[in-house]
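Trainee: This is the structure, below, for whatever I ask next.
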Amino acid sequence: MQIEADPRLAAAAGGAARFFADAAGLEAPAITDWQTAIVAACNEAFERLTREHPRLEVTLTWLADRIEVALSREGDAGPALGLDTLAGLAPQHGSAQGKGRGGSLVLGGVDRVQYDTRGGIAVTRLTKFITPATRRC
């Protein structure tokens with residue numbers, strides 16, 4: 001979906017991510033953390049939109065072992081999220097969840113962050129891993 005910088009649209013993206021997480025069989029705290037992370041990521045990405053490129057593309061993908069949310073935007077070569085936020089997602093002190101003591105609590109529901117730029121489009125991919133045993137559908 002393509003969304004403009006509106007917190008209500010960020011909440012809609014978070015709601016879709018929540019639906020995927022619930023359908024995948026994640027536990028309630030993980031679902032809430034994942035939804036909160038997606039809303040926060042969208043809101044932060046909005047700050048990097050420009051008049052020339054006013055939309056954020058949000059792509060949700062549900063695979064057998066993970067849920068991915070890709071935030072894509074045109075413009076400068078920087079990531080959709082600030083580098084300080086990306087650094088806060090890095091695992092610290094052996095944390096496999098990407099939220100060490102010094103990490104971001106808001107984006108703590110994210111297991112992996114990837115960033116790429118191609119052809120003037122910056123893509124930040126947020127991933128939540130799921131196990132086949134928890135999958136409901």
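Letters for chains follow the order of the structure tokens (A, B, ...), residue numbers begin at 1 for each chain, and ligand numbers begin at 1 in the order shown.
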Quick one: everything within 7 Å of segment 9-19 of chain A, counting only C-alpha atoms, minus sequence neighbours fewer than 3 positions away in the same chain. Send it as a ChimeraX atom specification.
Mentor: /A:3,6,22-23,31,34-36,38-39,42-43
Trainee: If we count only C-alpha atoms, what is near segment 50-58 of chain A at a cut-off of 6 Å, once residues fewer than 5 positions away on the same chain are taken out, given as a PDB file with C-alpha atoms, in the first residue's frame?
Mentor:
ATOM      1  CA  MET A   1       0.000   0.000   0.000  1.00  0.00           C
ATOM      2  CA  GLN A   2       1.133   3.557  -0.601  1.00  0.00           C
ATOM      3  CA  ILE A   3       0.496   5.929   2.261  1.00  0.00           C
ATOM      4  CA  GLU A   4       1.033   9.600   2.903  1.00  0.00           C
ATOM      5  CA  ALA A  70       9.190  -3.376   3.698  1.00  0.00           C
ATOM      6  CA  LEU A  71       9.137   0.416   3.901  1.00  0.00           C
ATOM      7  CA  SER A  72      10.124   1.960   0.556  1.00  0.00           C
ATOM      8  CA  ARG A  73      10.507   5.567  -0.413  1.00  0.00           C
ATOM      9  CA  GLU A  74      11.971   7.552  -3.255  1.00  0.00           C
TER      10      GLU A  74
END
Trainee: Could you pull the residues within 8 Å of Gly120 of chain A, counting only C-alpha atoms, minus those fewer than 3 positions along the same chain, as a PyMOL selection string?
Mentor: chain A and resi 74-77+117
Trainee: Create the file for the chosen residues now, containing C-alpha atoms and written as an mmCIF file, in the first residue's frame.
Mentor:
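Printed below is again-v9.cif as written:
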data_model
loop_
_atom_site.group_PDB
_atom_site.id
_atom_site.type_symbol
_atom_site.label_atom_id
_atom_site.label_comp_id
_atom_site.auth_asym_id
_atom_site.auth_seq_id
_atom_site.Cartn_x
_atom_site.Cartn_y
_atom_site.Cartn_z
ATOM 1 C CA GLU A 74 11.971 7.552 -3.255
ATOM 2 C CA GLY A 75 14.463 10.322 -2.680
ATOM 3 C CA ASP A 76 17.870 10.480 -1.065
ATOM 4 C CA ALA A 77 19.942 7.366 -0.513
ATOM 5 C CA THR A 117 18.959 1.323 -1.984
#
Trainee: Can you tell me how far atom CA of Val113 of chain A sits from atom CA of Thr127 of chain A, in Å to one decimal?
Mentor: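 For atom CA of Val113 of chain A relative to atom CA of Thr127 of chain A, the distance reads 6.4 Å.
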Trainee: Name the closest residue to Ala122 of chain A among the candidates A:Val110, A:Ala45, A:Ala28, A:Ala5; distances are taken between atoms, counting only C-alpha atoms.
Mentor: A:Ala45
Trainee: Just the residues within 6 Å of Asp65 of chain A, please, counting only C-alpha atoms, with nothing from its chain fewer than 2 positions along; format it as a PyMOL selection string.
Mentor: chain A and resi 63+129-131
Trainee: What does the structure give for the distance between atom CA of Leu126 of chain A and atom CA of Val69 of chain A, in Å to one decimal?
Mentor: 5.2 Å
Trainee: Quick one: pull the distance between atom CA of Thr124 of chain A and atom CA of Glu27 of chain A, Å, one decimal.
Mentor: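 Answer for the atom CA of Thr124 of chain A to atom CA of Glu27 of chain A separation: 24.9 Å.
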Trainee: Restricting the calculation to only C-alpha atoms: of A:Ala24, A:Ile121, A:Ala30, A:Ala37, which residue gets closest to Trp62 of chain A?
Mentor: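 The closest residue to Trp62 of chain A is A:Ala24.
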Trainee: Given the choices A:Arg48, A:Arg8, A:Arg125, A:Asp33, which gets closest to Arg112 of chain A if the distance is worked out from only C-alpha atoms?
Mentor: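 Ranked by minimum distance to Arg112 of chain A, first place goes to A:Arg125.
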Trainee: Hey, which of A:Leu49, A:Thr61, A:Pro7, A:Gly109 ends up closest to Thr32 of chain A? Count only C-alpha atoms.
Mentor: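 Closest residue, counting only C-alpha atoms: A:Gly109.
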